[in-house]
file entry23.cif (mmCIF, N, CA and C atoms)
data_protein
loop_
_atom_site.label_atom_id
_atom_site.label_comp_id
_atom_site.auth_asym_id
_atom_site.auth_seq_id
_atom_site.Cartn_x
_atom_site.Cartn_y
_atom_site.Cartn_z
N MET A 13 -19.09 23.51 -76.03
CA MET A 13 -17.98 24.34 -76.39
C MET A 13 -16.78 24.00 -75.49
N VAL A 14 -15.62 23.87 -76.07
CA VAL A 14 -14.40 23.57 -75.33
C VAL A 14 -13.65 24.86 -75.07
N GLN A 15 -13.34 25.09 -73.80
CA GLN A 15 -12.58 26.29 -73.47
C GLN A 15 -11.11 25.95 -73.41
N LYS A 16 -10.33 26.83 -73.97
CA LYS A 16 -8.89 26.67 -73.93
C LYS A 16 -8.36 27.19 -72.60
N MET A 17 -7.51 26.40 -71.95
CA MET A 17 -6.88 26.86 -70.70
C MET A 17 -5.75 27.81 -71.07
N THR A 18 -5.68 28.90 -70.35
CA THR A 18 -4.56 29.82 -70.57
C THR A 18 -3.64 29.75 -69.35
N PHE A 19 -2.41 29.89 -69.60
CA PHE A 19 -1.41 29.90 -68.53
C PHE A 19 -0.27 30.78 -68.96
N SER A 20 0.55 31.09 -68.02
CA SER A 20 1.77 31.83 -68.33
C SER A 20 2.91 31.21 -67.54
N PHE A 21 4.09 31.45 -68.00
CA PHE A 21 5.27 30.94 -67.31
C PHE A 21 5.57 31.83 -66.11
N ASP A 22 5.77 31.20 -64.98
CA ASP A 22 6.17 31.94 -63.78
C ASP A 22 7.69 31.83 -63.68
N TYR A 23 8.37 32.67 -64.44
CA TYR A 23 9.83 32.60 -64.51
C TYR A 23 10.49 32.84 -63.17
N GLU A 24 9.94 33.75 -62.38
CA GLU A 24 10.53 34.01 -61.08
C GLU A 24 10.52 32.74 -60.21
N GLN A 25 9.40 32.04 -60.21
CA GLN A 25 9.31 30.80 -59.44
C GLN A 25 10.28 29.74 -59.98
N MET A 26 10.40 29.65 -61.30
CA MET A 26 11.32 28.67 -61.90
C MET A 26 12.76 28.99 -61.54
N VAL A 27 13.12 30.27 -61.54
CA VAL A 27 14.49 30.67 -61.18
C VAL A 27 14.75 30.36 -59.71
N GLN A 28 13.79 30.68 -58.83
CA GLN A 28 13.96 30.39 -57.40
C GLN A 28 14.15 28.89 -57.16
N LYS A 29 13.38 28.08 -57.85
CA LYS A 29 13.49 26.63 -57.72
C LYS A 29 14.88 26.16 -58.17
N ALA A 30 15.37 26.72 -59.26
CA ALA A 30 16.70 26.35 -59.77
C ALA A 30 17.79 26.78 -58.79
N LEU A 31 17.66 27.99 -58.22
CA LEU A 31 18.67 28.47 -57.27
C LEU A 31 18.66 27.65 -55.99
N LEU A 32 17.49 27.22 -55.54
CA LEU A 32 17.44 26.34 -54.36
C LEU A 32 18.16 25.04 -54.64
N LYS A 33 18.03 24.53 -55.87
CA LYS A 33 18.74 23.30 -56.23
C LYS A 33 20.25 23.53 -56.22
N VAL A 34 20.71 24.68 -56.66
CA VAL A 34 22.14 25.00 -56.62
C VAL A 34 22.63 24.98 -55.17
N ALA A 35 21.89 25.63 -54.27
CA ALA A 35 22.28 25.65 -52.85
C ALA A 35 22.30 24.24 -52.28
N LYS A 36 21.27 23.47 -52.58
CA LYS A 36 21.19 22.09 -52.09
C LYS A 36 22.36 21.26 -52.62
N ASP A 37 22.66 21.38 -53.90
CA ASP A 37 23.76 20.62 -54.50
C ASP A 37 25.10 21.02 -53.89
N ALA A 38 25.30 22.32 -53.67
CA ALA A 38 26.57 22.78 -53.07
C ALA A 38 26.72 22.23 -51.65
N LEU A 39 25.63 22.24 -50.88
CA LEU A 39 25.70 21.70 -49.52
C LEU A 39 25.93 20.20 -49.54
N GLN A 40 25.28 19.49 -50.48
CA GLN A 40 25.48 18.03 -50.56
C GLN A 40 26.91 17.70 -50.94
N LYS A 41 27.50 18.45 -51.87
CA LYS A 41 28.90 18.22 -52.24
C LYS A 41 29.82 18.50 -51.05
N THR A 42 29.45 19.46 -50.21
CA THR A 42 30.22 19.76 -49.01
C THR A 42 30.14 18.59 -48.03
N VAL A 43 28.97 17.97 -47.90
CA VAL A 43 28.84 16.78 -47.06
C VAL A 43 29.79 15.69 -47.55
N GLU A 44 29.82 15.49 -48.85
CA GLU A 44 30.59 14.39 -49.45
C GLU A 44 32.09 14.66 -49.49
N ASN A 45 32.50 15.93 -49.70
CA ASN A 45 33.90 16.22 -49.98
C ASN A 45 34.53 17.28 -49.09
N GLY A 46 33.74 17.95 -48.26
CA GLY A 46 34.25 19.09 -47.52
C GLY A 46 34.25 20.33 -48.40
N LEU A 47 34.70 21.42 -47.86
CA LEU A 47 34.78 22.67 -48.62
C LEU A 47 36.15 22.78 -49.29
N PRO A 48 36.18 22.85 -50.61
CA PRO A 48 37.47 22.95 -51.29
C PRO A 48 38.02 24.37 -51.28
N GLY A 49 39.33 24.48 -51.18
CA GLY A 49 40.00 25.78 -51.30
C GLY A 49 39.43 26.83 -50.37
N SER A 50 39.11 27.97 -50.94
CA SER A 50 38.61 29.08 -50.12
C SER A 50 37.08 29.18 -50.12
N HIS A 51 36.41 28.17 -50.65
CA HIS A 51 34.94 28.20 -50.67
C HIS A 51 34.39 28.26 -49.25
N HIS A 52 33.35 29.03 -49.09
CA HIS A 52 32.57 29.08 -47.85
C HIS A 52 31.22 29.68 -48.18
N PHE A 53 30.26 29.44 -47.32
CA PHE A 53 28.88 29.83 -47.61
C PHE A 53 28.33 30.72 -46.52
N TYR A 54 27.53 31.68 -46.94
CA TYR A 54 26.65 32.43 -46.05
C TYR A 54 25.23 32.07 -46.45
N LEU A 55 24.45 31.63 -45.48
CA LEU A 55 23.07 31.25 -45.74
C LEU A 55 22.15 32.06 -44.83
N THR A 56 21.23 32.77 -45.43
CA THR A 56 20.24 33.54 -44.68
C THR A 56 18.90 32.84 -44.82
N PHE A 57 18.23 32.66 -43.69
CA PHE A 57 16.96 31.95 -43.72
C PHE A 57 15.99 32.58 -42.73
N GLN A 58 14.71 32.31 -42.96
CA GLN A 58 13.65 32.79 -42.09
C GLN A 58 13.65 31.94 -40.82
N THR A 59 13.63 32.58 -39.68
CA THR A 59 13.61 31.84 -38.41
C THR A 59 12.21 31.78 -37.81
N ASN A 60 11.29 32.59 -38.32
CA ASN A 60 9.96 32.65 -37.73
C ASN A 60 8.99 31.63 -38.31
N ARG A 61 9.49 30.65 -39.00
CA ARG A 61 8.68 29.57 -39.55
C ARG A 61 8.63 28.42 -38.54
N SER A 62 7.50 27.76 -38.48
CA SER A 62 7.35 26.64 -37.54
C SER A 62 8.20 25.44 -37.95
N ASP A 63 8.59 25.35 -39.22
CA ASP A 63 9.38 24.20 -39.68
C ASP A 63 10.89 24.42 -39.57
N VAL A 64 11.31 25.57 -39.05
CA VAL A 64 12.73 25.80 -38.74
C VAL A 64 12.96 25.32 -37.31
N ASP A 65 13.91 24.42 -37.16
CA ASP A 65 14.18 23.84 -35.84
C ASP A 65 15.50 24.39 -35.30
N MET A 66 15.37 25.20 -34.25
CA MET A 66 16.54 25.76 -33.59
C MET A 66 16.14 26.05 -32.14
N SER A 67 17.12 26.24 -31.31
CA SER A 67 16.85 26.43 -29.89
C SER A 67 16.03 27.69 -29.64
N PRO A 68 15.24 27.70 -28.58
CA PRO A 68 14.49 28.91 -28.22
C PRO A 68 15.42 30.11 -28.01
N ARG A 69 16.60 29.86 -27.49
CA ARG A 69 17.58 30.94 -27.27
C ARG A 69 17.93 31.62 -28.58
N LEU A 70 18.21 30.82 -29.63
CA LEU A 70 18.55 31.41 -30.92
C LEU A 70 17.34 32.06 -31.57
N LYS A 71 16.16 31.44 -31.43
CA LYS A 71 14.95 32.05 -32.01
C LYS A 71 14.67 33.40 -31.36
N GLU A 72 14.96 33.52 -30.07
CA GLU A 72 14.77 34.79 -29.39
C GLU A 72 15.76 35.84 -29.90
N MET A 73 17.00 35.40 -30.14
CA MET A 73 18.03 36.32 -30.63
C MET A 73 17.79 36.73 -32.09
N TYR A 74 17.20 35.82 -32.86
CA TYR A 74 16.97 36.05 -34.29
C TYR A 74 15.51 35.73 -34.62
N PRO A 75 14.59 36.60 -34.26
CA PRO A 75 13.17 36.29 -34.38
C PRO A 75 12.63 36.27 -35.82
N GLU A 76 13.31 36.92 -36.75
CA GLU A 76 12.80 37.01 -38.13
C GLU A 76 13.66 36.21 -39.10
N GLU A 77 14.96 36.48 -39.06
CA GLU A 77 15.88 35.82 -39.98
C GLU A 77 17.26 35.73 -39.35
N MET A 78 18.07 34.87 -39.93
CA MET A 78 19.41 34.64 -39.41
C MET A 78 20.34 34.32 -40.58
N THR A 79 21.57 34.76 -40.48
CA THR A 79 22.59 34.39 -41.45
C THR A 79 23.65 33.57 -40.73
N ILE A 80 23.94 32.41 -41.30
CA ILE A 80 25.00 31.56 -40.74
C ILE A 80 26.11 31.43 -41.77
N ALA A 81 27.30 31.17 -41.28
CA ALA A 81 28.46 30.96 -42.14
C ALA A 81 28.93 29.52 -41.98
N LEU A 82 29.15 28.87 -43.10
CA LEU A 82 29.77 27.55 -43.10
C LEU A 82 31.15 27.73 -43.70
N GLN A 83 32.15 27.68 -42.83
CA GLN A 83 33.51 27.88 -43.29
C GLN A 83 34.46 26.97 -42.54
N HIS A 84 34.95 27.38 -41.39
CA HIS A 84 35.95 26.60 -40.68
C HIS A 84 35.36 25.69 -39.62
N GLN A 85 34.40 26.17 -38.88
CA GLN A 85 33.90 25.41 -37.75
C GLN A 85 32.40 25.15 -37.88
N PHE A 86 32.08 24.02 -38.45
CA PHE A 86 30.71 23.52 -38.47
C PHE A 86 30.80 22.00 -38.43
N TRP A 87 29.76 21.39 -37.92
CA TRP A 87 29.78 19.95 -37.71
C TRP A 87 28.45 19.33 -38.14
N ASP A 88 28.52 18.06 -38.47
CA ASP A 88 27.32 17.24 -38.71
C ASP A 88 26.38 17.86 -39.73
N LEU A 89 26.92 18.34 -40.83
CA LEU A 89 26.09 18.85 -41.92
C LEU A 89 25.36 17.67 -42.56
N ILE A 90 24.05 17.78 -42.61
CA ILE A 90 23.20 16.74 -43.21
C ILE A 90 22.26 17.43 -44.19
N VAL A 91 22.16 16.87 -45.38
CA VAL A 91 21.31 17.43 -46.42
C VAL A 91 20.36 16.33 -46.89
N ASN A 92 19.07 16.65 -46.94
CA ASN A 92 18.12 15.72 -47.55
C ASN A 92 17.28 16.47 -48.57
N ASP A 93 16.22 15.87 -49.06
CA ASP A 93 15.44 16.49 -50.13
C ASP A 93 14.83 17.83 -49.75
N THR A 94 14.45 17.98 -48.49
CA THR A 94 13.70 19.18 -48.12
C THR A 94 14.39 20.08 -47.10
N THR A 95 15.41 19.57 -46.40
CA THR A 95 16.06 20.35 -45.34
C THR A 95 17.57 20.14 -45.33
N PHE A 96 18.23 21.03 -44.61
CA PHE A 96 19.61 20.79 -44.22
C PHE A 96 19.71 21.07 -42.73
N SER A 97 20.62 20.38 -42.08
CA SER A 97 20.88 20.66 -40.67
C SER A 97 22.38 20.72 -40.46
N VAL A 98 22.76 21.48 -39.45
CA VAL A 98 24.17 21.68 -39.17
C VAL A 98 24.32 22.06 -37.70
N VAL A 99 25.45 21.71 -37.14
CA VAL A 99 25.78 22.13 -35.78
C VAL A 99 26.81 23.25 -35.88
N LEU A 100 26.51 24.36 -35.20
CA LEU A 100 27.40 25.52 -35.17
C LEU A 100 27.62 25.92 -33.73
N SER A 101 28.67 26.70 -33.49
CA SER A 101 28.97 27.18 -32.16
C SER A 101 28.53 28.63 -32.02
N PHE A 102 27.71 28.89 -30.99
CA PHE A 102 27.26 30.23 -30.66
C PHE A 102 27.66 30.50 -29.22
N ASP A 103 28.57 31.43 -29.01
CA ASP A 103 29.08 31.73 -27.67
C ASP A 103 29.60 30.45 -26.99
N ASN A 104 30.34 29.66 -27.77
CA ASN A 104 30.93 28.40 -27.30
C ASN A 104 29.91 27.35 -26.90
N ILE A 105 28.68 27.47 -27.38
CA ILE A 105 27.65 26.46 -27.17
C ILE A 105 27.29 25.88 -28.53
N HIS A 106 27.43 24.57 -28.66
CA HIS A 106 27.09 23.93 -29.93
C HIS A 106 25.58 23.80 -30.03
N GLU A 107 25.05 24.27 -31.16
CA GLU A 107 23.61 24.28 -31.40
C GLU A 107 23.33 23.66 -32.77
N LYS A 108 22.36 22.77 -32.81
CA LYS A 108 21.93 22.19 -34.08
C LYS A 108 20.78 23.03 -34.63
N ILE A 109 20.88 23.32 -35.92
CA ILE A 109 19.86 24.09 -36.63
C ILE A 109 19.40 23.24 -37.81
N THR A 110 18.09 23.13 -37.98
CA THR A 110 17.53 22.44 -39.14
C THR A 110 16.66 23.42 -39.90
N VAL A 111 16.94 23.56 -41.19
CA VAL A 111 16.28 24.57 -42.01
C VAL A 111 15.69 23.91 -43.26
N PRO A 112 14.40 24.10 -43.50
CA PRO A 112 13.86 23.65 -44.78
C PRO A 112 14.36 24.57 -45.90
N PHE A 113 14.63 23.99 -47.05
CA PHE A 113 15.15 24.80 -48.15
C PHE A 113 14.19 25.92 -48.53
N VAL A 114 12.88 25.72 -48.33
CA VAL A 114 11.92 26.78 -48.68
C VAL A 114 12.05 28.00 -47.77
N ALA A 115 12.73 27.86 -46.63
CA ALA A 115 12.95 29.00 -45.72
C ALA A 115 14.21 29.78 -46.09
N LEU A 116 15.01 29.24 -47.00
CA LEU A 116 16.26 29.89 -47.39
C LEU A 116 15.97 31.15 -48.20
N MET A 117 16.56 32.25 -47.79
CA MET A 117 16.36 33.53 -48.46
C MET A 117 17.55 33.91 -49.34
N HIS A 118 18.76 33.62 -48.86
CA HIS A 118 19.98 33.97 -49.60
C HIS A 118 21.01 32.86 -49.41
N PHE A 119 21.75 32.60 -50.48
CA PHE A 119 22.87 31.67 -50.45
C PHE A 119 24.01 32.36 -51.18
N LEU A 120 25.15 32.45 -50.50
CA LEU A 120 26.28 33.19 -51.07
C LEU A 120 27.56 32.41 -50.84
N ASP A 121 28.36 32.29 -51.90
CA ASP A 121 29.72 31.77 -51.79
C ASP A 121 30.64 32.92 -52.25
N PRO A 122 31.11 33.73 -51.29
CA PRO A 122 31.90 34.91 -51.68
C PRO A 122 33.22 34.59 -52.34
N SER A 123 33.72 33.37 -52.18
CA SER A 123 35.02 33.04 -52.78
C SER A 123 34.95 33.06 -54.31
N VAL A 124 33.76 32.85 -54.86
CA VAL A 124 33.59 32.89 -56.31
C VAL A 124 32.54 33.92 -56.73
N LYS A 125 32.18 34.78 -55.79
CA LYS A 125 31.21 35.85 -56.05
C LYS A 125 29.89 35.30 -56.59
N PHE A 126 29.40 34.21 -55.98
CA PHE A 126 28.12 33.65 -56.37
C PHE A 126 27.10 33.88 -55.27
N GLY A 127 25.95 34.36 -55.66
CA GLY A 127 24.87 34.53 -54.69
C GLY A 127 23.57 34.82 -55.36
#
call {"tool": "encode", "arguments": {"input": "entry23.cif", "output": "structure tokens"}}
result
Amino acid sequence: MVQKMTFSFDYEQMVQKALLKVAKDALQKTVENGLPGSHHFYLTFQTNRSDVDMSPRLKEMYPEEMTIALQHQFWDLIVNDTTFSVVLSFDNIHEKITVPFVALMHFLDPSVKFG
């Protein structure tokens, strides 16, 4: 007897995957062209993951999650298939943060009310 496999669509997972691609594409376009006009991003991510790379000082300050802004002062934005990294200033100390896209919780561009 042949059993039929049953499955269902996991729409929530498909939507999350699509939204991560939007965030990745927006960051990649920023690498290539800079931020146009009034565009800027707020990115919230989990900091308590072992694959998030940031200084112990920042991990201590933000043990669960952190929101960063990419607007006027950020440097060395790098985007690859699985992560993005950026240098930001915290209390006048430049810190590099590397975040896997799977750790991203929120992506917002308030200039166009997208999030």
call {"tool": "closest_residue", "arguments": {"input": "entry23.cif", "among": "A:Val98, A:Val111, A:Ala38, A:Leu32", "to": "Val64 of chain A", "atoms": "only N, CA and C atoms"}}
result
A:Val111
call {"tool": "resolve_selection", "arguments": {"input": "entry23.cif", "expression": "the PyMOL selection byres ((chain A and resi 51) around 6.5)", "output": "list in words"}}
result
Leu47, Pro48, Gly49, Ser50, His52, Phe53, Leu82, Gln83, Asp121, Ser123 and Val124 of chain A
call {"tool": "axis_aligned_box", "arguments": {"input": "entry23.cif", "around": "segment 70-80 of chain A", "padding_each_side": "6 Å", "output": "AutoDock Vina command-line options"}}
result
--center_x 19.4 --center_y 33.9 --center_z -35.6 --size_x 25.5 --size_y 18.2 --size_z 24.4
call {"tool": "closest_residue", "arguments": {"input": "entry23.cif", "among": "A:Thr59, A:Ser101, A:Asn45, A:Thr18", "to": "Gln85 of chain A", "atoms": "only C-alpha atoms"}}
result
A:Ser101
call {"tool": "select_by_dssp", "arguments": {"input": "entry23.cif", "residues": "chain A", "states": "strand (DSSP E or B)", "output": "number ranges by chain"}}
result
A: 53-58, 65, 77-82, 87-91, 95-102, 105-112, 116-121, 126
call {"tool": "atom_distance", "arguments": {"input": "entry23.cif", "atom1": "atom CA of Tyr23 of chain A", "atom2": "atom CA of Phe96 of chain A"}}
result
25.4 Å
call {"tool": "select_by_dssp", "arguments": {"input": "entry23.cif", "residues": "chain A", "states": "helix (DSSP H, G or I)", "output": "JSON, numbers by chain"}}
result
{"A": [23, 24, 25, 26, 27, 28, 29, 30, 31, 32, 33, 34, 35, 36, 37, 38, 39, 40, 41, 42, 43, 44, 45, 68, 69, 70, 71, 72, 73, 113, 114, 115, 122, 123, 124]}
call {"tool": "closest_residue", "arguments": {"input": "entry23.cif", "among": "A:Thr95, A:Asn60, A:Gln40, A:Gln28", "to": "Glu76 of chain A", "atoms": "all atoms listed in the file"}}
result
A:Asn60
call {"tool": "closest_residue", "arguments": {"input": "entry23.cif", "among": "A:Ala115, A:Val34, A:Val91, A:Ile109", "to": "Ser67 of chain A", "atoms": "all atoms listed in the file"}}
result
A:Ile109
call {"tool": "closest_residue", "arguments": {"input": "entry23.cif", "among": "A:Glu24, A:Asp37, A:Glu77, A:Glu72", "to": "Ile90 of chain A", "atoms": "only C-alpha atoms"}}
result
A:Asp37
call {"tool": "residues_around", "arguments": {"input": "entry23.cif", "residues": "Met78 of chain A", "least_positions_apart": "5", "cutoff": "10 Å", "atoms": "only C-alpha atoms", "output": "MDAnalysis selection string"}}
result
chainID A and resid 55:60 70:71 73 116:117
call {"tool": "atom_distance", "arguments": {"input": "entry23.cif", "atom1": "atom C of His118 of chain A", "atom2": "atom N of Tyr54 of chain A"}}
result
7.1 Å
call {"tool": "build_atoms", "arguments": {"input": "entry23.cif", "residues": "segment 113-124 of chain A", "atoms": "all heavy atoms", "output": "short mmCIF file (atom, residue, chain, number, x, y, z; two decimals), in the frame of the given file"}}
result
data_model
loop_
_atom_site.label_atom_id
_atom_site.label_comp_id
_atom_site.auth_asym_id
_atom_site.auth_seq_id
_atom_site.Cartn_x
_atom_site.Cartn_y
_atom_site.Cartn_z
N PHE A 113 14.63 23.99 -47.05
CA PHE A 113 15.15 24.80 -48.15
C PHE A 113 14.19 25.92 -48.53
O PHE A 113 14.62 26.98 -48.98
CB PHE A 113 15.48 23.92 -49.36
CG PHE A 113 16.76 23.16 -49.18
CD1 PHE A 113 16.74 21.80 -48.90
CD2 PHE A 113 17.99 23.79 -49.24
CE1 PHE A 113 17.91 21.10 -48.70
CE2 PHE A 113 19.17 23.11 -49.05
CZ PHE A 113 19.13 21.75 -48.78
N VAL A 114 12.88 25.72 -48.33
CA VAL A 114 11.92 26.78 -48.68
C VAL A 114 12.05 28.00 -47.77
O VAL A 114 11.56 29.07 -48.10
CB VAL A 114 10.46 26.26 -48.67
CG1 VAL A 114 10.26 25.24 -49.78
CG2 VAL A 114 10.08 25.70 -47.33
N ALA A 115 12.73 27.86 -46.63
CA ALA A 115 12.95 29.00 -45.72
C ALA A 115 14.21 29.78 -46.09
O ALA A 115 14.45 30.86 -45.55
CB ALA A 115 13.06 28.52 -44.28
N LEU A 116 15.01 29.24 -47.00
CA LEU A 116 16.26 29.89 -47.39
C LEU A 116 15.97 31.15 -48.20
O LEU A 116 15.21 31.13 -49.17
CB LEU A 116 17.09 28.90 -48.21
CG LEU A 116 18.57 29.13 -48.36
CD1 LEU A 116 19.26 29.20 -47.01
CD2 LEU A 116 19.18 28.02 -49.20
N MET A 117 16.56 32.25 -47.79
CA MET A 117 16.36 33.53 -48.46
C MET A 117 17.55 33.91 -49.34
O MET A 117 17.38 34.48 -50.42
CB MET A 117 16.12 34.62 -47.42
CG MET A 117 14.90 34.37 -46.56
SD MET A 117 14.83 35.43 -45.10
CE MET A 117 14.74 37.04 -45.81
N HIS A 118 18.76 33.62 -48.86
CA HIS A 118 19.98 33.97 -49.60
C HIS A 118 21.01 32.86 -49.41
O HIS A 118 21.13 32.30 -48.32
CB HIS A 118 20.59 35.28 -49.10
CG HIS A 118 19.67 36.44 -49.17
ND1 HIS A 118 19.34 37.07 -50.35
CD2 HIS A 118 18.98 37.09 -48.21
CE1 HIS A 118 18.50 38.05 -50.11
NE2 HIS A 118 18.27 38.08 -48.81
N PHE A 119 21.75 32.60 -50.48
CA PHE A 119 22.87 31.67 -50.45
C PHE A 119 24.01 32.36 -51.18
O PHE A 119 23.86 32.81 -52.30
CB PHE A 119 22.50 30.36 -51.17
CG PHE A 119 23.65 29.40 -51.30
CD1 PHE A 119 23.96 28.53 -50.28
CD2 PHE A 119 24.42 29.38 -52.45
CE1 PHE A 119 25.02 27.64 -50.39
CE2 PHE A 119 25.48 28.50 -52.58
CZ PHE A 119 25.77 27.63 -51.54
N LEU A 120 25.15 32.45 -50.50
CA LEU A 120 26.28 33.19 -51.07
C LEU A 120 27.56 32.41 -50.84
O LEU A 120 27.81 31.91 -49.75
CB LEU A 120 26.38 34.56 -50.39
CG LEU A 120 27.55 35.46 -50.74
CD1 LEU A 120 27.47 35.92 -52.19
CD2 LEU A 120 27.57 36.68 -49.83
N ASP A 121 28.36 32.29 -51.90
CA ASP A 121 29.72 31.77 -51.79
C ASP A 121 30.64 32.92 -52.25
O ASP A 121 30.87 33.09 -53.45
CB ASP A 121 29.93 30.53 -52.65
CG ASP A 121 31.33 29.95 -52.53
OD1 ASP A 121 32.24 30.64 -52.00
OD2 ASP A 121 31.55 28.82 -52.97
N PRO A 122 31.11 33.73 -51.29
CA PRO A 122 31.90 34.91 -51.68
C PRO A 122 33.22 34.59 -52.34
O PRO A 122 33.78 35.44 -53.03
CB PRO A 122 32.12 35.66 -50.36
CG PRO A 122 31.63 34.79 -49.28
CD PRO A 122 30.90 33.63 -49.87
N SER A 123 33.72 33.37 -52.18
CA SER A 123 35.02 33.04 -52.78
C SER A 123 34.95 33.06 -54.31
O SER A 123 35.97 33.26 -54.97
CB SER A 123 35.49 31.67 -52.30
OG SER A 123 34.71 30.63 -52.86
N VAL A 124 33.76 32.85 -54.86
CA VAL A 124 33.59 32.89 -56.31
C VAL A 124 32.54 33.92 -56.73
O VAL A 124 32.07 33.92 -57.86
CB VAL A 124 33.22 31.49 -56.86
CG1 VAL A 124 34.37 30.53 -56.72
CG2 VAL A 124 31.96 30.95 -56.20
#
